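Enquirer: Input structure: target12.cif, which contains mmCIF, C-alpha atoms and all ligand atoms.
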data_start
loop_
_atom_site.label_atom_id
_atom_site.label_comp_id
_atom_site.auth_asym_id
_atom_site.auth_seq_id
_atom_site.Cartn_x
_atom_site.Cartn_y
_atom_site.Cartn_z
CA MET W 180 24.77 -3.45 5.62
CA ARG W 181 21.80 -5.39 6.97
CA ARG W 182 18.47 -4.09 5.82
CA GLU W 183 15.34 -5.47 7.35
CA SER W 184 12.72 -2.73 7.39
CA ASN W 185 9.63 -3.85 5.56
CA ILE W 186 8.64 -2.10 2.38
CA VAL W 187 5.08 -0.90 2.86
CA LEU W 188 3.27 0.06 -0.33
CA ILE W 189 0.48 2.60 0.03
CA GLY W 190 -1.60 4.29 -2.64
CA PHE W 191 -4.99 4.52 -4.26
CA MET W 192 -6.93 1.49 -5.53
CA GLY W 193 -5.63 0.43 -8.91
CA SER W 194 -2.25 2.08 -8.53
CA GLY W 195 -0.50 -1.30 -8.74
CA LYS W 196 0.36 -2.07 -5.11
CA THR W 197 -0.38 -5.79 -5.44
CA SER W 198 1.26 -6.46 -8.80
CA ILE W 199 4.30 -4.33 -7.98
CA GLY W 200 4.56 -5.87 -4.50
CA LYS W 201 4.52 -9.41 -5.91
CA ARG W 202 7.25 -8.65 -8.41
CA LEU W 203 9.33 -6.84 -5.82
CA SER W 204 9.09 -9.77 -3.44
CA LEU W 205 10.38 -12.12 -6.15
CA ARG W 206 13.26 -9.81 -6.92
CA MET W 207 14.26 -9.22 -3.29
CA LYS W 208 13.36 -12.72 -2.13
CA TRP W 209 11.30 -11.25 0.66
CA GLU W 210 7.92 -12.52 1.77
CA PHE W 211 4.92 -10.80 0.20
CA ILE W 212 1.84 -9.88 2.21
CA ASP W 213 -1.24 -8.49 0.54
CA MET W 214 -3.47 -7.18 3.30
CA ASP W 215 -6.75 -7.41 1.36
CA ASP W 216 -5.91 -10.93 0.30
CA PHE W 217 -5.04 -11.82 3.88
CA ILE W 218 -8.40 -10.48 5.06
CA GLU W 219 -10.32 -12.30 2.31
CA LYS W 220 -8.68 -15.61 3.21
CA ARG W 221 -9.31 -15.11 6.90
CA GLU W 222 -12.95 -14.17 6.42
CA GLY W 223 -13.59 -16.63 3.61
CA MET W 224 -15.20 -13.95 1.44
CA SER W 225 -14.28 -11.13 -0.90
CA VAL W 226 -13.69 -7.57 0.32
CA SER W 227 -16.77 -6.56 -1.64
CA LYS W 228 -18.88 -9.13 0.22
CA ILE W 229 -17.39 -8.12 3.61
CA PHE W 230 -18.38 -4.50 2.91
CA ALA W 231 -21.88 -5.53 1.81
CA GLU W 232 -22.61 -8.07 4.54
CA LYS W 233 -20.60 -6.95 7.54
CA GLY W 234 -19.98 -3.30 6.77
CA GLU W 235 -16.94 -1.13 6.22
CA ASP W 236 -16.24 -0.71 9.95
CA TYR W 237 -15.86 -4.46 10.33
CA PHE W 238 -13.32 -4.48 7.49
CA ARG W 239 -11.43 -1.50 8.93
CA ASN W 240 -11.15 -3.27 12.30
CA ILE W 241 -9.43 -6.27 10.75
CA GLU W 242 -7.24 -3.93 8.71
CA ARG W 243 -6.23 -2.23 11.96
CA GLU W 244 -5.34 -5.57 13.58
CA LEU W 245 -3.12 -6.44 10.64
CA CYS W 246 -1.26 -3.13 10.79
CA LEU W 247 -0.38 -3.97 14.37
CA ARG W 248 0.62 -7.49 13.42
CA PHE W 249 2.96 -6.23 10.69
CA SER W 250 4.58 -3.49 12.73
CA GLU W 251 7.89 -5.28 13.17
CA PRO W 252 10.78 -5.03 10.72
CA LYS W 253 10.89 -8.49 9.16
CA CYS W 254 11.97 -8.08 5.54
CA LYS W 255 8.46 -8.19 4.17
CA ILE W 256 6.87 -6.48 1.24
CA ILE W 257 3.43 -5.34 2.35
CA ALA W 258 0.73 -4.20 -0.06
CA THR W 259 -1.90 -2.29 1.91
CA GLY W 260 -5.48 -1.50 0.95
CA GLY W 261 -5.97 2.03 -0.39
CA GLY W 262 -7.88 3.14 2.70
CA VAL W 263 -5.29 2.12 5.29
CA ILE W 264 -4.27 5.77 5.64
CA LYS W 265 -7.68 6.66 7.05
CA ASN W 266 -6.45 5.60 10.47
CA GLU W 267 -3.42 7.37 11.88
CA LYS W 268 -2.62 4.50 14.24
CA ASN W 269 -2.37 2.14 11.28
CA MET W 270 0.30 4.30 9.75
CA ARG W 271 2.17 4.70 13.03
CA ASN W 272 2.30 0.91 13.40
CA LEU W 273 3.33 0.23 9.84
CA LYS W 274 6.00 2.92 10.09
CA LEU W 275 7.50 1.28 13.18
CA GLY W 276 8.62 -1.67 11.08
CA GLY W 277 8.87 -0.33 7.61
CA VAL W 278 9.59 2.28 5.04
CA ILE W 279 6.40 3.72 3.57
CA VAL W 280 6.42 3.90 -0.20
CA TYR W 281 3.58 5.85 -1.84
CA LEU W 282 2.81 4.72 -5.38
CA SER W 283 1.27 7.83 -6.83
CA SER W 284 -0.79 7.80 -9.99
CA THR W 285 -3.21 9.96 -11.96
CA PRO W 286 -7.00 9.48 -11.88
CA GLU W 287 -6.92 8.66 -15.61
CA THR W 288 -4.31 5.90 -15.20
CA ILE W 289 -6.17 4.49 -12.21
CA ALA W 290 -9.48 4.49 -14.11
CA TYR W 291 -7.75 2.77 -17.02
CA ASN W 292 -6.22 0.12 -14.75
CA LEU W 293 -9.63 -0.56 -13.20
CA ARG W 294 -11.66 -0.38 -16.43
CA ASN W 295 -12.64 -4.07 -16.27
CA ASP W 296 -12.64 -4.41 -12.51
CA ASP W 297 -15.75 -4.10 -10.37
CA SER W 298 -14.28 -5.49 -7.17
CA ARG W 299 -13.87 -2.16 -5.35
CA PRO W 300 -17.00 -1.42 -3.28
CA LEU W 301 -16.09 2.26 -2.96
CA LEU W 302 -16.00 2.69 -6.73
CA LYS W 303 -19.34 1.08 -7.54
CA CYS W 304 -21.06 3.97 -9.31
CA GLU W 305 -21.91 5.33 -12.75
CA ASP W 306 -19.11 7.86 -12.97
CA LYS W 307 -16.05 5.89 -11.91
CA LEU W 308 -13.52 8.48 -13.08
CA GLY W 309 -15.38 11.26 -11.26
CA ARG W 310 -15.45 9.20 -8.07
CA ILE W 311 -11.74 8.42 -8.38
CA ARG W 312 -10.97 12.13 -8.88
CA GLU W 313 -13.02 13.06 -5.83
CA LEU W 314 -11.63 10.40 -3.50
CA LEU W 315 -8.04 10.79 -4.70
CA GLY W 316 -8.35 14.54 -4.21
CA GLN W 317 -9.20 13.92 -0.56
CA ARG W 318 -6.63 11.22 0.01
CA GLU W 319 -3.60 12.43 -1.94
CA PRO W 320 -2.41 14.84 0.80
CA VAL W 321 -2.78 12.06 3.36
CA TYR W 322 -0.75 9.56 1.29
CA LYS W 323 1.93 12.22 0.87
CA LYS W 324 1.95 13.06 4.55
CA TYR W 325 2.79 9.48 5.52
CA ALA W 326 5.16 8.65 2.66
CA ASP W 327 8.87 8.24 3.29
CA ILE W 328 9.29 7.79 -0.44
CA THR W 329 6.91 8.83 -3.25
CA ILE W 330 7.11 7.26 -6.66
CA ASP W 331 4.99 8.42 -9.57
CA VAL W 332 4.15 5.15 -11.28
CA SER W 333 1.76 6.53 -13.90
CA GLU W 334 4.49 6.82 -16.55
CA LEU W 335 6.77 3.97 -15.47
CA ASN W 336 6.86 0.39 -16.70
CA MET W 337 7.23 -2.47 -14.20
CA GLU W 338 11.01 -2.80 -14.53
CA ASP W 339 11.64 0.94 -14.01
CA THR W 340 9.22 0.98 -11.09
CA LEU W 341 11.04 -1.89 -9.34
CA ASN W 342 14.43 -0.26 -9.96
CA LYS W 343 13.23 3.03 -8.60
CA ILE W 344 11.72 1.50 -5.46
CA THR W 345 14.85 -0.50 -4.61
CA GLU W 346 17.14 2.47 -5.33
CA GLU W 347 15.11 4.86 -3.18
CA TYR W 348 14.66 2.29 -0.43
CA ASN W 349 18.42 1.64 -0.22
CA ARG W 350 19.12 5.36 -0.16
CA TYR W 351 16.54 5.89 2.56
CA GLU W 352 17.88 3.03 4.68
CA ASP W 353 21.52 4.23 4.31
CA LYS W 354 20.54 7.68 5.46
CA HIS W 355 18.44 6.38 8.32
CA ASN W 356 21.07 3.88 9.56
CA LYS W 357 23.71 6.61 9.52
CA ARG W 358 21.46 8.83 11.56
CA THR W 359 20.75 6.21 14.20
CA LYS W 360 24.47 5.45 14.72
CA HIS W 361 25.30 8.95 15.99
C1 LIG Q 401 -10.09 0.43 -0.28
C2 LIG Q 401 -9.16 -0.16 -1.09
C3 LIG Q 401 -9.16 -1.60 -1.42
C4 LIG Q 401 -9.82 -2.39 -0.29
C5 LIG Q 401 -11.17 -1.83 0.03
C6 LIG Q 401 -11.13 -0.37 0.45
C7 LIG Q 401 -10.04 1.89 -0.06
O1 LIG Q 401 -7.83 -2.05 -1.60
O2 LIG Q 401 -9.02 -2.40 0.86
O3 LIG Q 401 -11.96 -1.98 -1.13
O4 LIG Q 401 -10.66 2.40 0.89
O5 LIG Q 401 -9.33 2.58 -0.83
P1 LIG Q 401 -6.93 -1.77 -2.92
O6 LIG Q 401 -6.28 -0.45 -2.73
O7 LIG Q 401 -5.96 -2.88 -2.92
O8 LIG Q 401 -7.85 -1.80 -4.07
#
As a first step, turn the structure in this file into structure tokens.
Expert:
Amino acid sequence: MRRESNIVLIGFMGSGKTSIGKRLSLRMKWEFIDMDDFIEKREGMSVSKIFAEKGEDYFRNIERELCLRFSEPKCKIIATGGGVIKNEKNMRNLKLGGVIVYLSSTPETIAYNLRNDDSRPLLKCEDKLGRIRELLGQREPVYKKYADITIDVSELNMEDTLNKITEEYNRYEDKHNKRTKH
């Protein structure tokens, strides 16, 4: 059976979207797109600098353009930025061409993953764990609402995560293809 829906990874900062996406793209031999990386290359500056110099709205506008650009099913693995779910249209566009996979994680695991990382403008504060708890609390229901597949990655190693994503993706696609034939 031909499968071509993109795999769109959503989830909180530090949940592993980029590293998992890269590994998945090697395994599936599909192109990998990292939306933040794409934006940084296009703008010639880091996300942090874009937020500081041009503002969050400017960043969100480019993010919105990219969601439209990647709304066709083209066998891509797409790692989104954690805030992509703030705009419903983004998710509608990404869903047109892909299966949405939510990589869910705990605040503690996220804080651990980001312990040496100061590149997230929204987490620049004294109490990083507290901020993660607060923001994740607000966003978790939204991630879940848009997810076709949810995978709790907090206890999984890379290999098990990749296996789980491909398994669930194949199951989802089988079910979906069957449905569209009738
Ligand atoms: C953001 C997440 C970041 C980046 C920007 C805003 C967010 O991406 O897009 O700093 O609002 O959650 P990652 O999830 O890749 O860190």
Enquirer: So which residues are near ligand LIG 401 (chain Q), meaning at most 9 Å away with only C-alpha atoms and all ligand atoms counted, given back as a PyMOL selection string?
Expert: chain W and resi 189-197+213-216+226-227+230+235+238-239+242+258-265+298-302+314
Enquirer: Residues at most 9 Å from stretch 306-309 of chain W, counting all atoms listed in the file, excluding those fewer than 6 positions away in the same chain, as a PDB file with C-alpha atoms, in the coordinates of the input?
Expert:
ATOM      1  CA  PRO W 286      -7.000   9.480 -11.880  1.00  0.00           C
ATOM      2  CA  GLU W 287      -6.920   8.660 -15.610  1.00  0.00           C
ATOM      3  CA  ILE W 289      -6.170   4.490 -12.210  1.00  0.00           C
ATOM      4  CA  ALA W 290      -9.480   4.490 -14.110  1.00  0.00           C
ATOM      5  CA  ARG W 294     -11.660  -0.380 -16.430  1.00  0.00           C
TER       6      ARG W 294
END
Enquirer: Let me make sure I understand: among W:Glu319, W:Cys304, W:Val280, W:Ile241, which one has the smallest atom-to-atom distance to W:Glu222 if we use all atoms listed in the file?
Expert: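 Selected residue with least distance to W:Glu222: W:Ile241.
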Enquirer: So the first atom is atom CA of W:Val187 and the second is atom CA of W:Lys303; what is the distance between them in Å, to one decimal place?
Expert: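 Result for atom CA of W:Val187 versus atom CA of W:Lys303: 26.6 Å, one decimal.
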Enquirer: Go ahead and compute the interatomic distance for atom CA of W:Leu315 and atom CA of W:Ser284, in Å to one decimal.
Expert: 9.5 Å
Enquirer: Measure the distance from atom CA of W:Asp236 to atom CA of W:Tyr281 in Å and round it to one decimal.
Expert: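 These two atoms are separated by 24.0 Å.
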Enquirer: Between W:Asn185, W:Asn336, W:Thr329, W:Asn342, single out the one closest to W:Lys253, counting only C-alpha atoms.
Expert: W:Asn185
Enquirer: Return as JSON the box centre and box size in Å, one decimal, for an axis-aligned box around all listed atoms of stretch 322-328 of chain W padded by 3 Å per side.
Expert:
{"center_x": 4.3, "center_y": 10.4, "center_z": 2.5, "size_x": 16.0, "size_y": 11.3, "size_z": 12.0}
Enquirer: Got a sec: who's within 10 Å of W:Glu338, counting only C-alpha atoms, leaving out chain neighbours fewer than 2 positions off, as a list of chain:residue names?
Expert: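 In the requested form, the answer reads W:Ile199, W:Arg202, W:Leu203, W:Leu335, W:Asn336, W:Thr340, W:Leu341, W:Asn342, W:Lys343.
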Enquirer: Counting only C-alpha atoms, give me one row per residue of stretch 315-344 of chain W with an atom at most 10 Å from an atom of stretch 272-276 of chain W, showing the shortest contact pair and its distance in Å to one decimal, sorted by chain then residue number, as a tab-separated table.
Expert:
residue	atom	partner	partner_atom	distance
W:Tyr325	CA	W:Lys274	CA	8.6
W:Ala326	CA	W:Lys274	CA	9.4
W:Asp327	CA	W:Lys274	CA	9.1
Enquirer: Given only C-alpha atoms as the basis, pick out the residue of W:Glu244, W:Glu251, W:Glu219, W:Glu346 nearest to W:Lys268.
Expert: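 Counting only C-alpha atoms, the residue closest to W:Lys268 is W:Glu244.
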Enquirer: Find, counting all atoms listed in the file, the residue in W:Ser198, W:Ser250, W:Asn240, W:Ser283 that gets nearest to W:Val332.
Expert: W:Ser283
Enquirer: From the options W:Lys201, W:Cys254, W:Ile279, W:Thr288, which residue's atoms come nearest to W:Leu188, counting all atoms listed in the file?
Expert: W:Ile279
Enquirer: Of the residues W:Leu293, W:Ile256, W:Met337, W:Val278, which is the one nearest to W:His355, using all atoms listed in the file?
Expert: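 With all atoms listed in the file as the atom set, the closest residue is W:Val278.
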